[in-house]
file input_0.txt (compact mmCIF, N, CA and C atoms)
# COMPACT_ATOMS: atom_id res chain seq x y z
N MET A 1 -5.00 30.48 44.03
CA MET A 1 -5.11 31.53 43.05
C MET A 1 -6.03 32.60 43.63
N THR A 2 -5.56 33.80 43.63
CA THR A 2 -6.36 34.89 44.17
C THR A 2 -7.34 35.40 43.13
N ILE A 3 -8.25 36.22 43.56
CA ILE A 3 -9.26 36.77 42.65
C ILE A 3 -8.62 37.68 41.60
N PHE A 4 -7.52 38.34 41.98
CA PHE A 4 -6.85 39.22 41.03
C PHE A 4 -6.15 38.43 39.92
N GLN A 5 -5.55 37.32 40.29
CA GLN A 5 -4.90 36.47 39.28
C GLN A 5 -5.93 35.87 38.33
N ALA A 6 -7.07 35.47 38.88
CA ALA A 6 -8.13 34.91 38.05
C ALA A 6 -8.68 35.95 37.09
N THR A 7 -8.89 37.18 37.59
CA THR A 7 -9.40 38.26 36.74
C THR A 7 -8.40 38.58 35.63
N LYS A 8 -7.12 38.59 35.97
CA LYS A 8 -6.07 38.86 34.98
C LYS A 8 -6.10 37.81 33.87
N THR A 9 -6.24 36.54 34.25
CA THR A 9 -6.28 35.45 33.28
C THR A 9 -7.50 35.56 32.38
N VAL A 10 -8.66 35.90 32.95
CA VAL A 10 -9.89 36.02 32.16
C VAL A 10 -9.77 37.17 31.17
N LEU A 11 -9.29 38.32 31.62
CA LEU A 11 -9.15 39.47 30.73
C LEU A 11 -8.14 39.21 29.61
N LYS A 12 -7.07 38.52 29.95
CA LYS A 12 -6.06 38.18 28.96
C LYS A 12 -6.65 37.26 27.89
N SER A 13 -7.48 36.33 28.30
CA SER A 13 -8.10 35.40 27.36
C SER A 13 -9.14 36.07 26.49
N LEU A 14 -9.81 37.10 27.02
CA LEU A 14 -10.84 37.79 26.25
C LEU A 14 -10.26 38.54 25.06
N PHE A 15 -9.05 39.06 25.20
CA PHE A 15 -8.48 39.91 24.17
C PHE A 15 -7.39 39.23 23.34
N SER A 16 -7.29 37.93 23.41
CA SER A 16 -6.30 37.20 22.61
C SER A 16 -7.02 36.20 21.70
N ARG A 17 -6.27 35.71 20.71
CA ARG A 17 -6.85 34.72 19.79
C ARG A 17 -7.06 33.40 20.52
N PRO A 18 -8.04 32.62 20.10
CA PRO A 18 -8.23 31.31 20.73
C PRO A 18 -7.06 30.38 20.40
N ALA A 19 -6.77 29.49 21.29
CA ALA A 19 -5.66 28.56 21.10
C ALA A 19 -6.02 27.43 20.14
N THR A 20 -7.28 27.16 19.96
CA THR A 20 -7.72 26.06 19.10
C THR A 20 -8.61 26.59 17.98
N LEU A 21 -8.81 25.77 16.97
CA LEU A 21 -9.70 26.11 15.87
C LEU A 21 -11.00 25.35 16.01
N MET A 22 -12.04 25.87 15.43
CA MET A 22 -13.31 25.15 15.39
C MET A 22 -13.20 24.16 14.24
N TYR A 23 -12.72 22.93 14.54
CA TYR A 23 -12.23 22.02 13.50
C TYR A 23 -13.18 21.75 12.33
N PRO A 24 -14.35 21.23 12.51
CA PRO A 24 -15.08 20.94 11.26
C PRO A 24 -15.42 22.21 10.48
N ALA A 25 -15.67 23.30 11.18
CA ALA A 25 -16.02 24.54 10.49
C ALA A 25 -14.82 25.14 9.78
N LYS A 26 -13.66 25.12 10.43
CA LYS A 26 -12.42 25.63 9.84
C LYS A 26 -11.46 24.46 9.70
N PRO A 27 -11.06 24.12 8.47
CA PRO A 27 -10.17 22.97 8.30
C PRO A 27 -8.82 23.19 8.98
N ALA A 28 -8.24 22.10 9.44
CA ALA A 28 -6.94 22.16 10.11
C ALA A 28 -5.86 22.53 9.10
N LYS A 29 -4.84 23.23 9.58
CA LYS A 29 -3.72 23.59 8.72
C LYS A 29 -2.82 22.38 8.55
N LYS A 30 -2.40 22.14 7.32
CA LYS A 30 -1.53 21.01 7.04
C LYS A 30 -0.17 21.54 6.62
N THR A 31 0.87 20.97 7.20
CA THR A 31 2.23 21.36 6.86
C THR A 31 2.91 20.19 6.16
N ALA A 32 4.16 20.39 5.78
CA ALA A 32 4.91 19.31 5.13
C ALA A 32 5.16 18.15 6.09
N LEU A 33 5.11 18.41 7.39
CA LEU A 33 5.35 17.37 8.38
C LEU A 33 4.07 16.68 8.84
N THR A 34 2.92 17.09 8.32
CA THR A 34 1.66 16.47 8.71
C THR A 34 1.64 15.02 8.24
N ARG A 35 1.25 14.13 9.14
CA ARG A 35 1.17 12.71 8.80
C ARG A 35 -0.29 12.28 8.82
N GLY A 36 -0.78 11.83 7.69
CA GLY A 36 -2.16 11.39 7.61
C GLY A 36 -2.27 9.88 7.64
N HIS A 37 -1.71 9.21 6.64
CA HIS A 37 -1.72 7.75 6.59
C HIS A 37 -0.67 7.27 5.58
N VAL A 38 -0.39 5.98 5.64
CA VAL A 38 0.63 5.38 4.76
C VAL A 38 -0.01 5.02 3.42
N LYS A 39 0.68 5.36 2.33
CA LYS A 39 0.25 4.98 0.99
C LYS A 39 1.34 4.12 0.36
N ILE A 40 0.94 3.22 -0.53
CA ILE A 40 1.89 2.34 -1.20
C ILE A 40 1.73 2.46 -2.71
N ASP A 41 2.86 2.36 -3.41
CA ASP A 41 2.87 2.24 -4.86
C ASP A 41 3.13 0.76 -5.15
N PRO A 42 2.09 -0.03 -5.45
CA PRO A 42 2.25 -1.48 -5.59
C PRO A 42 3.23 -1.90 -6.69
N ASP A 43 3.46 -1.05 -7.68
CA ASP A 43 4.37 -1.41 -8.76
C ASP A 43 5.83 -1.40 -8.33
N LYS A 44 6.15 -0.66 -7.28
CA LYS A 44 7.54 -0.57 -6.81
C LYS A 44 7.88 -1.57 -5.71
N CYS A 45 6.88 -2.14 -5.06
CA CYS A 45 7.11 -3.02 -3.92
C CYS A 45 7.75 -4.34 -4.36
N ILE A 46 8.80 -4.76 -3.65
CA ILE A 46 9.50 -6.01 -3.97
C ILE A 46 9.26 -7.07 -2.89
N THR A 47 8.32 -6.86 -2.02
CA THR A 47 7.95 -7.77 -0.92
C THR A 47 9.16 -8.21 -0.09
N CYS A 48 9.99 -7.26 0.29
CA CYS A 48 11.19 -7.58 1.07
C CYS A 48 10.89 -7.71 2.57
N LYS A 49 9.72 -7.26 3.00
CA LYS A 49 9.25 -7.33 4.38
C LYS A 49 10.01 -6.43 5.36
N MET A 50 10.77 -5.48 4.88
CA MET A 50 11.46 -4.56 5.78
C MET A 50 10.45 -3.72 6.56
N CYS A 51 9.40 -3.28 5.91
CA CYS A 51 8.38 -2.48 6.58
C CYS A 51 7.68 -3.29 7.66
N GLN A 52 7.40 -4.56 7.38
CA GLN A 52 6.75 -5.43 8.35
C GLN A 52 7.64 -5.65 9.57
N ARG A 53 8.94 -5.86 9.35
CA ARG A 53 9.86 -6.11 10.46
C ARG A 53 10.03 -4.88 11.35
N LYS A 54 10.03 -3.70 10.76
CA LYS A 54 10.31 -2.47 11.51
C LYS A 54 9.07 -1.84 12.13
N CYS A 55 7.88 -2.24 11.73
CA CYS A 55 6.65 -1.62 12.23
C CYS A 55 6.48 -1.91 13.72
N PRO A 56 6.48 -0.87 14.58
CA PRO A 56 6.37 -1.11 16.02
C PRO A 56 5.00 -1.62 16.46
N SER A 57 3.96 -1.32 15.71
CA SER A 57 2.62 -1.78 16.10
C SER A 57 2.17 -3.01 15.33
N GLN A 58 3.04 -3.56 14.49
CA GLN A 58 2.75 -4.75 13.69
C GLN A 58 1.46 -4.59 12.87
N ALA A 59 1.33 -3.42 12.25
CA ALA A 59 0.15 -3.13 11.45
C ALA A 59 0.29 -3.58 10.00
N ILE A 60 1.51 -3.92 9.57
CA ILE A 60 1.77 -4.28 8.18
C ILE A 60 2.02 -5.77 8.05
N GLU A 61 1.41 -6.39 7.04
CA GLU A 61 1.65 -7.80 6.73
C GLU A 61 1.99 -7.93 5.25
N VAL A 62 3.08 -8.63 4.97
CA VAL A 62 3.51 -8.86 3.59
C VAL A 62 3.54 -10.36 3.36
N ASP A 63 2.91 -10.81 2.27
CA ASP A 63 2.89 -12.23 1.93
C ASP A 63 3.62 -12.41 0.60
N ASN A 64 4.77 -13.09 0.65
CA ASN A 64 5.57 -13.29 -0.56
C ASN A 64 4.90 -14.23 -1.55
N LYS A 65 4.25 -15.28 -1.06
CA LYS A 65 3.64 -16.26 -1.96
C LYS A 65 2.48 -15.65 -2.74
N GLU A 66 1.60 -14.96 -2.03
CA GLU A 66 0.44 -14.35 -2.70
C GLU A 66 0.76 -12.98 -3.28
N ARG A 67 1.94 -12.46 -2.96
CA ARG A 67 2.36 -11.13 -3.37
C ARG A 67 1.33 -10.07 -2.98
N THR A 68 1.03 -10.05 -1.70
CA THR A 68 0.11 -9.05 -1.18
C THR A 68 0.79 -8.24 -0.08
N TRP A 69 0.32 -7.02 0.08
CA TRP A 69 0.79 -6.11 1.12
C TRP A 69 -0.47 -5.53 1.75
N GLN A 70 -0.57 -5.62 3.08
CA GLN A 70 -1.76 -5.06 3.72
C GLN A 70 -1.37 -4.30 4.98
N ILE A 71 -2.19 -3.29 5.28
CA ILE A 71 -1.98 -2.47 6.47
C ILE A 71 -3.30 -2.35 7.21
N ASP A 72 -3.23 -2.50 8.52
CA ASP A 72 -4.39 -2.30 9.38
C ASP A 72 -4.33 -0.87 9.89
N GLN A 73 -5.17 0.00 9.35
CA GLN A 73 -5.13 1.42 9.71
C GLN A 73 -5.49 1.66 11.17
N MET A 74 -6.22 0.73 11.79
CA MET A 74 -6.58 0.90 13.20
C MET A 74 -5.40 0.61 14.11
N ARG A 75 -4.42 -0.16 13.65
CA ARG A 75 -3.24 -0.47 14.46
C ARG A 75 -2.08 0.48 14.17
N CYS A 76 -2.08 1.09 13.00
CA CYS A 76 -0.97 1.96 12.58
C CYS A 76 -0.91 3.20 13.47
N VAL A 77 0.30 3.50 13.97
CA VAL A 77 0.49 4.67 14.82
C VAL A 77 1.09 5.85 14.05
N VAL A 78 1.17 5.74 12.74
CA VAL A 78 1.62 6.79 11.84
C VAL A 78 2.99 7.34 12.25
N CYS A 79 3.92 6.44 12.50
CA CYS A 79 5.26 6.83 12.94
C CYS A 79 6.21 7.03 11.77
N ALA A 80 5.88 6.52 10.61
CA ALA A 80 6.66 6.64 9.37
C ALA A 80 7.97 5.86 9.38
N ILE A 81 8.14 4.92 10.28
CA ILE A 81 9.34 4.09 10.27
C ILE A 81 9.36 3.21 9.02
N CYS A 82 8.20 2.71 8.63
CA CYS A 82 8.13 1.88 7.43
C CYS A 82 8.54 2.67 6.18
N VAL A 83 8.15 3.92 6.13
CA VAL A 83 8.50 4.77 4.99
C VAL A 83 10.01 4.99 4.93
N ASP A 84 10.62 5.19 6.09
CA ASP A 84 12.07 5.44 6.14
C ASP A 84 12.88 4.20 5.79
N THR A 85 12.38 3.01 6.12
CA THR A 85 13.17 1.79 5.91
C THR A 85 12.94 1.13 4.56
N CYS A 86 11.95 1.55 3.81
CA CYS A 86 11.64 0.91 2.53
C CYS A 86 12.78 1.14 1.53
N PRO A 87 13.41 0.06 1.02
CA PRO A 87 14.55 0.24 0.11
C PRO A 87 14.14 0.76 -1.27
N THR A 88 12.91 0.50 -1.70
CA THR A 88 12.48 0.96 -3.03
C THR A 88 11.67 2.24 -2.98
N LYS A 89 11.44 2.76 -1.79
CA LYS A 89 10.67 4.00 -1.59
C LYS A 89 9.26 3.89 -2.19
N CYS A 90 8.64 2.72 -2.03
CA CYS A 90 7.28 2.56 -2.52
C CYS A 90 6.25 3.05 -1.50
N LEU A 91 6.68 3.26 -0.25
CA LEU A 91 5.78 3.75 0.79
C LEU A 91 5.98 5.25 0.97
N THR A 92 4.87 5.97 1.12
CA THR A 92 4.91 7.41 1.38
C THR A 92 3.87 7.74 2.44
N MET A 93 4.04 8.90 3.07
CA MET A 93 3.05 9.38 4.02
C MET A 93 2.17 10.40 3.31
N ASP A 94 0.88 10.15 3.29
CA ASP A 94 -0.07 11.08 2.70
C ASP A 94 -0.46 12.10 3.76
N THR A 95 -0.65 13.34 3.36
CA THR A 95 -1.00 14.38 4.34
C THR A 95 -2.50 14.47 4.58
N GLN A 96 -3.30 13.75 3.83
CA GLN A 96 -4.75 13.79 4.02
C GLN A 96 -5.15 12.86 5.16
N TYR A 97 -6.03 13.34 6.01
CA TYR A 97 -6.54 12.52 7.09
C TYR A 97 -7.64 11.61 6.57
N ARG A 98 -7.83 10.51 7.24
CA ARG A 98 -8.91 9.59 6.91
C ARG A 98 -10.17 10.03 7.66
N PRO A 99 -11.35 9.80 7.07
CA PRO A 99 -12.57 10.08 7.83
C PRO A 99 -12.71 9.07 8.97
N ALA A 100 -13.46 9.44 9.97
CA ALA A 100 -13.67 8.56 11.11
C ALA A 100 -14.38 7.28 10.67
N MET A 101 -13.98 6.16 11.26
CA MET A 101 -14.59 4.88 10.92
C MET A 101 -15.68 4.57 11.94
N THR A 102 -16.79 4.04 11.44
CA THR A 102 -17.89 3.71 12.34
C THR A 102 -17.88 2.24 12.74
N ALA A 103 -17.15 1.42 12.01
CA ALA A 103 -17.08 -0.01 12.32
C ALA A 103 -15.63 -0.45 12.30
N ARG A 104 -15.34 -1.51 13.03
CA ARG A 104 -13.97 -2.04 13.06
C ARG A 104 -13.62 -2.56 11.68
N GLY A 105 -12.47 -2.27 11.26
CA GLY A 105 -12.02 -2.66 9.93
C GLY A 105 -10.76 -1.89 9.64
N GLY A 106 -10.72 -1.24 8.53
CA GLY A 106 -9.58 -0.40 8.20
C GLY A 106 -8.41 -1.16 7.61
N VAL A 107 -8.60 -2.44 7.28
CA VAL A 107 -7.51 -3.21 6.67
C VAL A 107 -7.56 -2.99 5.16
N GLU A 108 -6.45 -2.50 4.62
CA GLU A 108 -6.34 -2.30 3.18
C GLU A 108 -5.36 -3.32 2.63
N LYS A 109 -5.77 -4.02 1.58
CA LYS A 109 -4.94 -5.07 1.00
C LYS A 109 -4.65 -4.73 -0.46
N PHE A 110 -3.36 -4.86 -0.84
CA PHE A 110 -2.93 -4.54 -2.19
C PHE A 110 -2.19 -5.73 -2.79
N THR A 111 -2.36 -5.95 -4.08
CA THR A 111 -1.55 -6.93 -4.80
C THR A 111 -0.36 -6.18 -5.37
N VAL A 112 0.84 -6.65 -5.06
CA VAL A 112 2.06 -5.95 -5.46
C VAL A 112 2.79 -6.70 -6.56
N ALA A 113 3.69 -6.00 -7.22
CA ALA A 113 4.43 -6.59 -8.34
C ALA A 113 5.42 -7.65 -7.88
N GLY A 114 6.03 -7.45 -6.74
CA GLY A 114 7.03 -8.39 -6.25
C GLY A 114 8.37 -8.14 -6.91
N PRO A 115 9.38 -8.93 -6.54
CA PRO A 115 10.71 -8.72 -7.12
C PRO A 115 10.73 -9.08 -8.60
N LYS A 116 11.53 -8.33 -9.34
CA LYS A 116 11.66 -8.61 -10.76
C LYS A 116 12.54 -9.83 -10.95
N LYS A 117 12.13 -10.71 -11.86
CA LYS A 117 12.92 -11.91 -12.13
C LYS A 117 14.11 -11.55 -13.00
N LYS A 118 15.24 -12.14 -12.66
CA LYS A 118 16.45 -11.90 -13.44
C LYS A 118 16.39 -12.72 -14.72
N GLU A 119 16.73 -12.07 -15.82
CA GLU A 119 16.75 -12.77 -17.10
C GLU A 119 18.10 -13.44 -17.28
N PRO A 120 18.13 -14.59 -17.92
CA PRO A 120 19.43 -15.25 -18.13
C PRO A 120 20.34 -14.39 -19.01
N ALA A 121 21.63 -14.53 -18.78
CA ALA A 121 22.60 -13.77 -19.56
C ALA A 121 22.58 -14.24 -21.00
N ALA A 122 22.79 -13.32 -21.90
CA ALA A 122 22.79 -13.65 -23.32
C ALA A 122 24.06 -14.42 -23.67
N ALA A 123 23.95 -15.36 -24.59
CA ALA A 123 25.11 -16.15 -25.03
C ALA A 123 26.03 -15.26 -25.86
N PRO A 124 27.33 -15.50 -25.81
CA PRO A 124 28.25 -14.72 -26.64
C PRO A 124 27.94 -14.90 -28.12
N ALA A 125 28.19 -13.86 -28.89
CA ALA A 125 27.87 -13.87 -30.32
C ALA A 125 28.68 -14.89 -31.10
N ASP A 126 29.93 -15.16 -30.67
CA ASP A 126 30.77 -16.09 -31.42
C ASP A 126 30.52 -17.55 -31.06
N GLY A 127 29.62 -17.82 -30.14
CA GLY A 127 29.29 -19.19 -29.77
C GLY A 127 30.20 -19.80 -28.73
N ALA A 128 31.20 -19.07 -28.25
CA ALA A 128 32.13 -19.59 -27.24
C ALA A 128 31.44 -19.64 -25.88
N LYS A 129 31.91 -20.54 -25.04
CA LYS A 129 31.36 -20.65 -23.69
C LYS A 129 31.87 -19.49 -22.84
N PRO A 130 31.01 -18.91 -21.99
CA PRO A 130 31.46 -17.81 -21.13
C PRO A 130 32.43 -18.31 -20.07
N LYS A 131 33.34 -17.42 -19.66
CA LYS A 131 34.31 -17.77 -18.62
C LYS A 131 33.60 -17.87 -17.28
N GLU A 132 34.04 -18.79 -16.46
CA GLU A 132 33.42 -18.97 -15.15
C GLU A 132 34.30 -18.44 -14.06
call {"tool": "encode", "arguments": {"input": "input_0.txt", "output": "structure tokens"}}
result
Amino acid sequence: MTIFQATKTVLKSLFSRPATLMYPAKPAKKTALTRGHVKIDPDKCITCKMCQRKCPSQAIEVDNKERTWQIDQMRCVVCAICVDTCPTKCLTMDTQYRPAMTARGGVEKFTVAGPKKKEPAAAPADGAKPKE
């Protein structure tokens, strides 16, 4: 690089906007595509384990017996595959970032509703046996 090319680059940088923002002083711009972290609506979850099977970093654990759903935020790569594969759409991507963690942890555990139990069919009004 010659001295003229270097001078040209310096002058160009002096009269243009900076490429980055001063982050804590000026908050980052958030768009509709910004991915912050995974959120769950525990009332909609049916513990089907689709999110657990599809998670590339194995950050999600679903326990059918205890009816719990947990995510390790330190392992999550925020790819949104779990959100796309959820059949009940109980998972969403929140656009808010998490504050920095000072200690290892970040595991969030939720108690979920689980699948709804099917109610037995009502008997016919005339007392006849239903057809099989």
call {"tool": "select_by_dssp", "arguments": {"input": "input_0.txt", "residues": "chain A", "states": "strand (DSSP E)", "output": "ChimeraX atom specification"}}
result
/A:37-40,60-63,68-72,91-94,107-111
call {"tool": "atom_distance", "arguments": {"input": "input_0.txt", "atom1": "atom N of A:Lys116", "atom2": "atom CA of A:Ile46"}}
result
6.2 Å
call {"tool": "closest_residue", "arguments": {"input": "input_0.txt", "among": "A:Asp72, A:Leu33, A:Glu108, A:Asp41", "to": "A:Lys89", "atoms": "all atoms listed in the file"}}
result
A:Asp41
call {"tool": "residues_near_point", "arguments": {"input": "input_0.txt", "point": "(-0.1, 2.1, 19.0)", "cutoff": "8 Å", "atoms": "only C-alpha atoms", "output": "compact mmCIF listing (two decimals) with N, CA and C atoms, keeping the file's coordinate frame"}}
result
# COMPACT_ATOMS: atom_id res chain seq x y z
N PRO A 56 6.48 -0.87 14.58
CA PRO A 56 6.37 -1.11 16.02
C PRO A 56 5.00 -1.62 16.46
N SER A 57 3.96 -1.32 15.71
CA SER A 57 2.62 -1.78 16.10
C SER A 57 2.17 -3.01 15.33
N ARG A 75 -4.42 -0.16 13.65
CA ARG A 75 -3.24 -0.47 14.46
C ARG A 75 -2.08 0.48 14.17
N CYS A 76 -2.08 1.09 13.00
CA CYS A 76 -0.97 1.96 12.58
C CYS A 76 -0.91 3.20 13.47
N VAL A 77 0.30 3.50 13.97
CA VAL A 77 0.49 4.67 14.82
C VAL A 77 1.09 5.85 14.05
call {"tool": "residues_around", "arguments": {"input": "input_0.txt", "residues": "A:Thr85", "least_positions_apart": "5", "cutoff": "8 Å", "atoms": "all atoms listed in the file", "output": "list in words"}}
result
Met50, Cys51, Lys54 and Ala80 of chain A
call {"tool": "write_last_selection", "arguments": {"input": "input_0.txt", "atoms": "N, CA and C atoms", "output": "PDB file, in the frame of the given file"}}
result
ATOM      1  N   MET A  50      10.770  -5.480   4.880  1.00  0.00           N
ATOM      2  CA  MET A  50      11.460  -4.560   5.780  1.00  0.00           C
ATOM      3  C   MET A  50      10.450  -3.720   6.560  1.00  0.00           C
ATOM      4  N   CYS A  51       9.400  -3.280   5.910  1.00  0.00           N
ATOM      5  CA  CYS A  51       8.380  -2.480   6.580  1.00  0.00           C
ATOM      6  C   CYS A  51       7.680  -3.290   7.660  1.00  0.00           C
ATOM      7  N   LYS A  54      10.030  -3.700  10.760  1.00  0.00           N
ATOM      8  CA  LYS A  54      10.310  -2.470  11.510  1.00  0.00           C
ATOM      9  C   LYS A  54       9.070  -1.840  12.130  1.00  0.00           C
ATOM     10  N   ALA A  80       5.880   6.520  10.610  1.00  0.00           N
ATOM     11  CA  ALA A  80       6.660   6.640   9.370  1.00  0.00           C
ATOM     12  C   ALA A  80       7.970   5.860   9.380  1.00  0.00           C
TER      13      ALA A  80
END
call {"tool": "closest_residue", "arguments": {"input": "input_0.txt", "among": "A:Thr7, A:Thr111, A:Thr2, A:Thr31", "to": "A:Asp63", "atoms": "only C-alpha atoms"}}
result
A:Thr111
call {"tool": "closest_residue", "arguments": {"input": "input_0.txt", "among": "A:Gln58, A:Pro18, A:Phe4, A:Thr92", "to": "A:Lys39", "atoms": "only N, CA and C atoms"}}
result
A:Thr92
call {"tool": "closest_residue", "arguments": {"input": "input_0.txt", "among": "A:Cys90, A:Ile60, A:Val78, A:Cys48", "to": "A:Gly114", "atoms": "all atoms listed in the file"}}
result
A:Cys48
call {"tool": "closest_atom_pairs", "arguments": {"input": "input_0.txt", "of": "stretch 13-78 of chain A", "to": "stretch 95-103 of chain A", "cutoff": "8 Å", "atoms": "only N, CA and C atoms", "output": "tab-separated table"}}
result
residue	atom	partner	partner_atom	distance
A:Lys30	CA	A:Thr95	C	7.1
A:Thr31	C	A:Thr95	CA	7.2
A:Ala32	C	A:Thr95	CA	7.4
A:Leu33	C	A:Thr95	CA	7.2
A:Thr34	C	A:Thr95	CA	4.8
A:Arg35	C	A:Thr95	CA	5.0
A:Gly36	CA	A:Gln96	C	4.1
A:His37	N	A:Gln96	C	5.2
A:Val38	N	A:Thr95	N	7.7
call {"tool": "write_last_selection", "arguments": {"input": "input_0.txt", "atoms": "N, CA and C atoms", "output": "short mmCIF file (atom, residue, chain, number, x, y, z; two decimals), keeping the file's coordinate frame"}}
result
data_model
loop_
_atom_site.label_atom_id
_atom_site.label_comp_id
_atom_site.auth_asym_id
_atom_site.auth_seq_id
_atom_site.Cartn_x
_atom_site.Cartn_y
_atom_site.Cartn_z
N LYS A 30 -2.40 22.14 7.32
CA LYS A 30 -1.53 21.01 7.04
C LYS A 30 -0.17 21.54 6.62
N THR A 31 0.87 20.97 7.20
CA THR A 31 2.23 21.36 6.86
C THR A 31 2.91 20.19 6.16
N ALA A 32 4.16 20.39 5.78
CA ALA A 32 4.91 19.31 5.13
C ALA A 32 5.16 18.15 6.09
N LEU A 33 5.11 18.41 7.39
CA LEU A 33 5.35 17.37 8.38
C LEU A 33 4.07 16.68 8.84
N THR A 34 2.92 17.09 8.32
CA THR A 34 1.66 16.47 8.71
C THR A 34 1.64 15.02 8.24
N ARG A 35 1.25 14.13 9.14
CA ARG A 35 1.17 12.71 8.80
C ARG A 35 -0.29 12.28 8.82
N GLY A 36 -0.78 11.83 7.69
CA GLY A 36 -2.16 11.39 7.61
C GLY A 36 -2.27 9.88 7.64
N HIS A 37 -1.71 9.21 6.64
CA HIS A 37 -1.72 7.75 6.59
C HIS A 37 -0.67 7.27 5.58
N VAL A 38 -0.39 5.98 5.64
CA VAL A 38 0.63 5.38 4.76
C VAL A 38 -0.01 5.02 3.42
#
call {"tool": "closest_residue", "arguments": {"input": "input_0.txt", "among": "A:Trp69, A:Cys82, A:Leu11, A:Met22", "to": "A:Cys55", "atoms": "all atoms listed in the file"}}
result
A:Cys82
call {"tool": "atom_distance", "arguments": {"input": "input_0.txt", "atom1": "atom CA of A:Ala19", "atom2": "atom CA of A:Asp94"}}
result
26.0 Å
call {"tool": "atom_distance", "arguments": {"input": "input_0.txt", "atom1": "atom C of A:Val112", "atom2": "atom CA of A:Asp43"}}
result
5.9 Å
